[in-house]
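**Student:** After the structure tokens below, expect a handful of questions from me.
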Amino acid sequence: MSKIPANLSGSRKNVAGYSQLVEENNSLFKENERLAENYAAIARASLEFDEVGWSPVNQLKTPGVSLEQVKTISDNARLQSNNNALLKRGAALRASYIFGRGFKMSSANTPLQPRYMSIINDPINQQVLFSEEACKRNEKTLFTSGNFFARYDKAQSRWGRIPINEIVGWTVDKDDPEILTYVLREYTQVLSTNADGTSKTQDVKGWYPLDYVKTPLSVIAGIRVDRNFVVVDHRENNDTGSLWGLPDCLPALPWAWAYSEYLK
């Protein structure tokens with residue numbers, strides 16, 4: 001009779017140990033299922049990245065990209081930078097890092113002449129180029145587009161931006177295909193606005209010379225060259241042999257998209 005309780009006690013210990021092992025195994029199995037679901041969600045998000053019109057981002061196989069590819073990438077990058085918290089924060093940090101302490105304009109550490117200061121202090125020019133907010137906005141353009149174009153009206157001493165989507169044609173230097181010489185701009189000009197909010201508009205198309213073109217032409221391919229304007233351009237991440245720039249946020253776009261879709 002004395003051996004029976006001991007055997008029963010040992011059996012209970014074995015049963016308890018087995019039950020613990022089963023619980024641990026079930027826990028590991030459930031954790032493995034969760035990890036598999038997580039990886040599957042990320043994989044689906046990566047595939048959806050191509051299915052929603054982002055294919056140009058993953059198909060940049062040539063040394064340079066076309067203007068249409070740049071426009072597609074820029075549109076999607078701008079949309080994501082406004083809606084995706086990661087990219088939006090990245091753009092804000094970048095702009096604050098560069099312009100957070102403000103800036104001043106001078107020539108060889110001497111104040112600019114009054115005729116230049118009058119251009120800088122013009123309210124429109126402040127909105128376009130010379131205020132801190134304008135600089136941050138233009139920096140975001142490089143973040144989402146990689147191509148920044150500004151036009152200068154020599155008659156009115158007035159600056160304005162040219163969105164990449166308004167550029168529909170271009171010419172390059174005959175000896176250096178990386179140097180733009182003229183850009184063809186197509187845009188909708190607002191002629192008047194009615195009291196009900198509707199507007200009378202017209203489509204305008206014209207060539208603008210770059211600022212380093214010394215003697216602009218009058219006509220290119222039957223379209224007038226507006227010699228009252230010059231264009232200043234800045235293009236980021238365009239390697240040797242490439243004409244158009246690419247946005248600084250481009251490497252982060254697939255990952256930000258996948259992470260956002262995974263959270264959803």
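We name chains A, B, ... following the order of the structure tokens; residues begin at 1 in each chain, and ligands are numbered from 1 as shown.
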Could you please write out, as a count of residues only, every residue of stretch 82-159 of chain A that DSSP assigns to alpha helix (DSSP H)?

**Tutor:** 40

**Student:** Residues at most 12 Å from A:Thr215, counting only C-alpha atoms, excluding those fewer than 4 positions away in the same chain, as a ChimeraX atom specification?

**Tutor:** /A:181-182,209-211,225,227,230

**Student:** Would you please extract all strand (DSSP E) residues from stretch 55-260 of chain A, as assigned by DSSP on the backbone, and give them as a VMD selection string?

**Tutor:** chain A and resid 147 to 153 158 to 162 167 to 173 176 to 193 199 to 209 219 to 220 223 to 224 229 to 235

**Student:** Would you write out, as CSV, a table of all residues in stretch 132-223 of chain A that have an atom no more than 12 Å from an atom of stretch 79-101 of chain A, listing for each the closest atom pair and the distance in Å to one decimal, considering only C-alpha atoms and ordering rows by chain and rising residue number?

**Tutor:**
```
residue,atom,partner,partner_atom,distance
A:Glu132,CA,A:Phe99,CA,6.8
A:Glu133,CA,A:Phe99,CA,9.0
A:Ala134,CA,A:Phe99,CA,10.4
A:Cys135,CA,A:Phe99,CA,7.5
A:Lys136,CA,A:Ala95,CA,5.3
A:Arg137,CA,A:Ala95,CA,8.2
A:Asn138,CA,A:Ala95,CA,9.2
A:Glu139,CA,A:Ala95,CA,6.3
A:Lys140,CA,A:Ala91,CA,6.2
A:Thr141,CA,A:Ala91,CA,9.6
A:Leu142,CA,A:Ala91,CA,9.8
A:Phe143,CA,A:Ala91,CA,6.7
A:Thr144,CA,A:Ser81,CA,7.4
A:Ser145,CA,A:Ser81,CA,11.0
```

**Student:** Quick one: of A:Asp248, A:Glu68, A:Asp226, A:Glu236, who's nearest to A:Gly169, counting only C-alpha atoms?

**Tutor:**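 Of A:Asp248, A:Glu68, A:Asp226, A:Glu236, the one nearest A:Gly169 is A:Glu68, counting only C-alpha atoms.
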
**Student:** Quick one: of A:Glu31, A:Leu243, A:Thr193, A:Ser157, who's nearest to A:Arg115, counting only C-alpha atoms?

**Tutor:** A:Ser157

**Student:** So, counting only C-alpha atoms, which residue among A:Gln156, A:Gln127, A:Asn26, A:Asn165 is closest to A:Ile73?

**Tutor:**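 Looking only at the distances to A:Ile73, the closest residue turns out to be A:Asn165.
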
**Student:** Closest to A:Lys71 among A:Pro247, A:Gly206, A:Gly102, A:Pro254, using only C-alpha atoms?

**Tutor:** A:Pro247

**Student:** Which residues, written as a PyMOL selection string, have at least one atom at most 10 Å from A:Arg185, with only C-alpha atoms counted and residues fewer than 2 positions away on the same chain left out?

**Tutor:** chain A and resi 162-170+182-183+187+204-208

**Student:** Keeping only N, CA and C atoms, write the selected residues as a compact mmCIF listing (two decimals), in the first residue's frame.

**Tutor:**
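In the end it all went to out_8.txt:
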```
# COMPACT_ATOMS: atom_id res chain seq x y z
N ILE A 162 7.36 76.87 -61.47
CA ILE A 162 6.80 76.07 -62.56
C ILE A 162 6.71 74.63 -62.07
N PRO A 163 5.52 74.11 -61.82
CA PRO A 163 5.39 72.69 -61.42
C PRO A 163 5.88 71.77 -62.53
N ILE A 164 6.42 70.63 -62.14
CA ILE A 164 6.96 69.70 -63.12
C ILE A 164 5.88 69.22 -64.09
N ASN A 165 4.61 69.18 -63.63
CA ASN A 165 3.53 68.72 -64.50
C ASN A 165 3.21 69.71 -65.61
N GLU A 166 3.66 70.96 -65.50
CA GLU A 166 3.41 71.94 -66.55
C GLU A 166 4.47 71.89 -67.65
N ILE A 167 5.54 71.15 -67.43
CA ILE A 167 6.59 71.04 -68.44
C ILE A 167 6.27 69.88 -69.37
N VAL A 168 6.11 70.19 -70.66
CA VAL A 168 5.70 69.16 -71.62
C VAL A 168 6.75 68.95 -72.72
N GLY A 169 7.81 69.73 -72.72
CA GLY A 169 8.87 69.57 -73.71
C GLY A 169 10.13 70.27 -73.28
N TRP A 170 11.23 69.99 -73.94
CA TRP A 170 12.51 70.57 -73.56
C TRP A 170 13.51 70.44 -74.71
N TYR A 182 16.06 75.00 -73.05
CA TYR A 182 14.70 75.56 -73.07
C TYR A 182 13.74 74.53 -72.50
N VAL A 183 12.67 75.02 -71.86
CA VAL A 183 11.59 74.14 -71.43
C VAL A 183 10.28 74.66 -72.03
N TYR A 187 0.08 75.44 -69.61
CA TYR A 187 -0.70 75.66 -68.40
C TYR A 187 -2.01 76.36 -68.74
N VAL A 204 -2.37 78.00 -72.45
CA VAL A 204 -1.21 78.73 -72.95
C VAL A 204 -0.04 77.76 -73.07
N LYS A 205 0.71 77.90 -74.16
CA LYS A 205 1.86 77.03 -74.40
C LYS A 205 3.00 77.88 -74.93
N GLY A 206 4.16 77.80 -74.31
CA GLY A 206 5.28 78.61 -74.76
C GLY A 206 6.61 78.09 -74.23
N TRP A 207 7.66 78.45 -74.94
CA TRP A 207 9.02 78.06 -74.54
C TRP A 207 9.61 79.13 -73.63
N TYR A 208 10.38 78.68 -72.65
CA TYR A 208 11.14 79.59 -71.79
C TYR A 208 12.62 79.21 -71.88
```

**Student:** Find the distance between atom CA of A:Thr188 and atom CA of A:Ala221 and write it in Å to one decimal.

**Tutor:** 20.8 Å

**Student:** I'd like the contact shell of A:Lys154 - 8 Å cut-off, only C-alpha atoms, skipping same-chain residues fewer than 4 positions apart - returned as a PyMOL selection string.

**Tutor:** chain A and resi 158+228-230

**Student:** Pick out the residues sitting within 7 Å of A:Val190, and hand them over as a ChimeraX atom specification; count only C-alpha atoms, and ignore anything fewer than 4 positions along from it in its own chain.

**Tutor:** /A:199-202

**Student:** Please save N, CA, C and O atoms of the selected residues as an mmCIF file, in the first residue's frame.

**Tutor:**
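Printed below is selection_18.cif as written:
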```
data_model
loop_
_atom_site.group_PDB
_atom_site.id
_atom_site.type_symbol
_atom_site.label_atom_id
_atom_site.label_comp_id
_atom_site.auth_asym_id
_atom_site.auth_seq_id
_atom_site.Cartn_x
_atom_site.Cartn_y
_atom_site.Cartn_z
ATOM 1 N N SER A 199 -14.612 80.611 -63.631
ATOM 2 C CA SER A 199 -13.526 81.399 -64.215
ATOM 3 C C SER A 199 -13.493 81.238 -65.723
ATOM 4 O O SER A 199 -13.871 80.189 -66.263
ATOM 5 N N LYS A 200 -13.045 82.277 -66.369
ATOM 6 C CA LYS A 200 -12.784 82.232 -67.803
ATOM 7 C C LYS A 200 -11.295 81.965 -67.980
ATOM 8 O O LYS A 200 -10.460 82.702 -67.468
ATOM 9 N N THR A 201 -10.963 80.902 -68.692
ATOM 10 C CA THR A 201 -9.570 80.480 -68.805
ATOM 11 C C THR A 201 -9.188 80.260 -70.267
ATOM 12 O O THR A 201 -10.056 80.189 -71.151
ATOM 13 N N GLN A 202 -7.896 80.133 -70.474
ATOM 14 C CA GLN A 202 -7.381 79.756 -71.781
ATOM 15 C C GLN A 202 -6.102 78.957 -71.589
ATOM 16 O O GLN A 202 -5.362 79.162 -70.623
#
```

**Student:** Between A:Pro114, A:Pro123, A:Gly160, A:Gly146, single out the one closest to A:Val232, counting only C-alpha atoms.

**Tutor:**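 Looking at the shortest contact to A:Val232, the residue is A:Gly160.
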
**Student:** Could you check how far atom CA of A:Glu178 sits from atom CA of A:Trp244, in Å to one decimal?

**Tutor:**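 Here the two named atoms are 8.5 Å from each other.
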